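S.K.: Just passing along the structure, written as structure tokens.
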Amino acid sequence: MIFHVVKKELQETLRDGRFKISTAIVFVLLTVSLVLTFNQYQYNNAQYIEAQKNERSLWEEQGEKNPHSAAHYGNYVFKPKSPLSLIDQGVEKYTGISIFLEAHNRNEAQFSNASDQTALSRFGELTPSFILLYILPLILILIGYDAYTKELEKGTFAILKSQGISNTKLLFGKWLSVLIPIVTITTLLFLFGGLILSNTSDIGVFNWEALGVLYIVYLIYYLILTNIVLFISLIAKKSGVALVSSLVFWVLACFITPKIASNIADSKYPYPTNQEFSKRVAEDRKKGLDGHNPWSEEAKKLEEEVLRKYNVDSVHKLPFNYSAYRMQKGEEYQAKVYAKHYSWLDEQAQKQEKVYKSTSMISPFLPTRFLSMAISRTDYQSHRDFSEKAETYRVKTQEFLNGLTEKNSRYGERYVASANAWKKLPKFEYKPPPFSQILNSNTPMMLILIVWFAVTGAVLFFINKNH
Amino acid sequence: MIITRDLTKKYGDFTALNKLNLKVNEGEIFCLLGANGAGKSTTINLLLNFITPSSGKAFINGLNVTDNARETKAFLTYIPENLMLYPTLTAIENLDYFLGIGGKNFSRKELEFFLHEAGLQQEAFHKRVQFFSKGMRQKVGIALAIAKDANVLLLDEPTSGLDPKSSNEFGELLLKMKKNGVAILMTTHDIFRAKEIGTHIGIMKQGQLKYNFSCNDKSLQEIENLYLETMSLKDNLL
């Protein structure tokens, strides 16, 4: 029975000119988006590999130099592209992919794609995730909005029911026939994406497991949407009403709710402006030790402490270079200041995210969006992880450089490190968090998505039973 | 066999059908006549269990239709006034679908045979039904009854709007089915057709069966007089 319903519904769908045209458009869009994203991915990845190599060789070939000059010379660290950014680019476009590491200052990531583009880029980019999140639901609506209303309008419902088919079997048949075309398109996209990623070298840490979980997330999203579209079709009396209602839901779920959520989060936990943030950091920095300023109160205090500790009356008599020691202490204080302010920023971001995620209960789009970015490692958390690891590396670099001067010279001497010294600094190799950790931290979102499916499924089943 | 016992349907204070007692045996065609709103379609809908009775019972082949909604549908075929099919599917595909969801599967040849038996022209078998006339669609409905080997046929004003030729063809098909032992209940306004093919005629008014007689017992004129009388038109005409 169910097979016959599915077969007939698919026959009708496949013979529907609207479906043929829209599916052809989606296939073209998907192919174009995949090709464009892949090209961009390869371009960025090649740039990343080259820049990382060049940066390191520039660092290693500085020649003889004072380590603190090298610290100011600085170096760039680069975030490797996540293979699944081929599917979902998330916030990567806006967060930047490289951070300049230097003495005394913690810098923000820079060179984001968005900053390289024209104002037109604000209209959005054609990416596979855009099609998966926004366009495929539209196709799903197009297939399913009149699943029941057409039976009433064409007058086929009476003869259909007179064949003795149960409401549940009819519903299940219609449910499958709405899903099958969407699942087919999605499966093809993921298979094709997986094959591209698994057959490309220098692709980073790609695993099928993550791609599989991402695929399941999108499947659940479509299951939920199918439940909603069929529910609307069941209760609507006319196809026009069903179509408009489904489209209104799509607009609310995919566009309005995320904007409202974002505005609420922003107004409740506002972010400081760049200027404001820099001012706060500068104020706190002034209150502590500055490695370059030996005449400040904090510097005098440190000097007294060190002299007392080593039981000497002059910094010249210390067994290390006191200037470098003070510089390092200054660095440590500044790192603490940055840690304090960035941790406040992170708290704000987490509070915003909490507000944002809490709205997942009113739109299935949001948990899907969050999970998609998280699994693709292109969400804010991934950026934060990179930023934190880069800062840890910066602090260690300063410790290494100040240590060179501190250990190899005395106070008042101008130390110049040998050309080989720079090679001893370990390379920055960013290791993203393991996939299991990402899954664990996103379990609530997965649960919300499952609850959405269970609730919409139960409502659909109940309404259908009494239809 | 179709039996109703004191079958009643009320909508609030309005009684759509009042204690209908009816019996249609195998090999009989029972024609229900009556004005619009007399309760003819309500009777069909109750037999199909599309609506539940307020009181009384209806049986198809001895099974109560309310308690055995799905089982009774296996024995019957319903053809509404305007049988609508899925326009983008062919006649064969429509037939295959309706049989399939009723749990019956047939080969393509068998499906073609049923359509042929129902009198549909061969060149129409594989055409999409969107341009089919009402008569052609009715034939697909009859093919459904033949394929299901239905022994109960419920027809709701099947000949209204049919041209005389198609109406005649349809009558021939019903007689053929009657001969095969099918119990047929047909609502209609067509007194001539009822007299011609029916074995029994019932005349309804305001939800009640006013007359129930064998077609052989009355002439066409007598049936017409009774019908008009029931419709309270005869007095007006005189």
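Ligands are numbered from 1 in the order shown, chains are lettered A, B, ... in the order of the structure tokens, and residues start at 1 in each chain.
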Please return, as a ChimeraX atom specification, all residues of chain B lying within 8 Å of chain A when only C-alpha atoms are considered.

M.R.: /B:48,69-71,73-74,77-80,83-86,88-89,97-103

S.K.: Could you give me, as a PyMOL selection string, each residue of region 177-237 of chain B that DSSP assigns to helix (DSSP H, G or I) when run on this structure's backbone?

M.R.: chain B and resi 177-179+191-197+215-217+220-230+234-237

S.K.: Pick from A:Gln398, A:Ser418, A:Thr226, A:Thr200: nearest to Leu101 (chain A), with only C-alpha atoms counted?

M.R.: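 Result for the nearest residue to Leu101 (chain A): A:Gln398.
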
S.K.: With a distance cut-off of 10 Å and only C-alpha atoms, select the neighbouring residues of Ile260 (chain A), excluding the residue or stretch itself and same-chain residues fewer than 6 positions from it, and output the selection as number ranges by chain.

M.R.: A: 252, 266, 356, 359

S.K.: In terms of the shortest atom-to-atom distance over only C-alpha atoms, which of A:Phe172, A:Phe320, A:Trp59, A:Phe78 is closest to Asn45 (chain A)?

M.R.: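 Residue with the minimum atom-to-atom distance to Asn45 (chain A): A:Phe78.
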
S.K.: Interatomic distance between CA of Lys9 (chain B) and CA of Ala38 (chain B)?

M.R.: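 About the pair CA of Lys9 (chain B) and CA of Ala38 (chain B): they are 12.1 Å apart.
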
S.K.: Write out as a PyMOL selection string the residues lying within 9 Å of region 322-332 of chain A, counting only C-alpha atoms and excluding same-chain residues fewer than 5 positions away.

M.R.: chain A and resi 68+103-105+288-292+294+299+302-303+306+315-316+337+395+398-399+401-407+410-412

S.K.: Since we have the selection now, will you write its residues out, keeping C-alpha atoms, as a PDB file, in the first residue's frame?

M.R.:
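File again.pdb, as written:
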```pdb
ATOM      1  CA  HIS A  68      63.360  41.613  21.229  1.00  0.00           C
ATOM      2  CA  ALA A 103      55.568  41.448  21.479  1.00  0.00           C
ATOM      3  CA  HIS A 104      53.274  43.228  23.950  1.00  0.00           C
ATOM      4  CA  ASN A 105      50.106  43.056  21.838  1.00  0.00           C
ATOM      5  CA  GLY A 288      50.891  47.298  35.582  1.00  0.00           C
ATOM      6  CA  LEU A 289      54.432  46.648  34.518  1.00  0.00           C
ATOM      7  CA  ASP A 290      55.685  47.845  31.143  1.00  0.00           C
ATOM      8  CA  GLY A 291      58.815  45.963  30.137  1.00  0.00           C
ATOM      9  CA  HIS A 292      60.110  48.982  28.213  1.00  0.00           C
ATOM     10  CA  PRO A 294      62.374  50.905  33.860  1.00  0.00           C
ATOM     11  CA  ALA A 299      59.457  48.453  37.507  1.00  0.00           C
ATOM     12  CA  LEU A 302      60.195  44.479  40.610  1.00  0.00           C
ATOM     13  CA  GLU A 303      63.837  45.562  40.697  1.00  0.00           C
ATOM     14  CA  VAL A 306      64.769  40.745  42.401  1.00  0.00           C
ATOM     15  CA  VAL A 315      71.116  44.625  38.598  1.00  0.00           C
ATOM     16  CA  HIS A 316      74.591  44.446  37.004  1.00  0.00           C
ATOM     17  CA  VAL A 337      45.469  41.833  30.909  1.00  0.00           C
ATOM     18  CA  VAL A 395      53.139  34.071  24.986  1.00  0.00           C
ATOM     19  CA  GLN A 398      57.920  35.912  23.896  1.00  0.00           C
ATOM     20  CA  GLU A 399      59.132  33.722  26.743  1.00  0.00           C
ATOM     21  CA  LEU A 401      62.854  35.262  22.907  1.00  0.00           C
ATOM     22  CA  ASN A 402      63.214  37.067  26.223  1.00  0.00           C
ATOM     23  CA  GLY A 403      64.796  33.891  27.602  1.00  0.00           C
ATOM     24  CA  LEU A 404      67.478  34.027  24.918  1.00  0.00           C
ATOM     25  CA  THR A 405      68.583  37.499  26.003  1.00  0.00           C
ATOM     26  CA  GLU A 406      68.101  36.781  29.685  1.00  0.00           C
ATOM     27  CA  LYS A 407      70.267  33.679  29.684  1.00  0.00           C
ATOM     28  CA  ARG A 410      74.092  40.559  31.288  1.00  0.00           C
ATOM     29  CA  TYR A 411      72.399  43.814  32.124  1.00  0.00           C
ATOM     30  CA  GLY A 412      73.599  46.664  29.933  1.00  0.00           C
TER      31      GLY A 412
END
```

S.K.: Taking only C-alpha atoms into account, which of B:Lys134, B:Ser160, B:Val140, B:Lys104 comes nearest His116 (chain B)?

M.R.: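 Using only C-alpha atoms, the shortest distance to His116 (chain B) belongs to B:Val140.
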
S.K.: Please indicate the distance in Å from CA of Leu153 (chain B) to CA of Met231 (chain B), rounded to one decimal place.

M.R.: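 Atom-to-atom, CA of Leu153 (chain B) to CA of Met231 (chain B), that is 26.5 Å.
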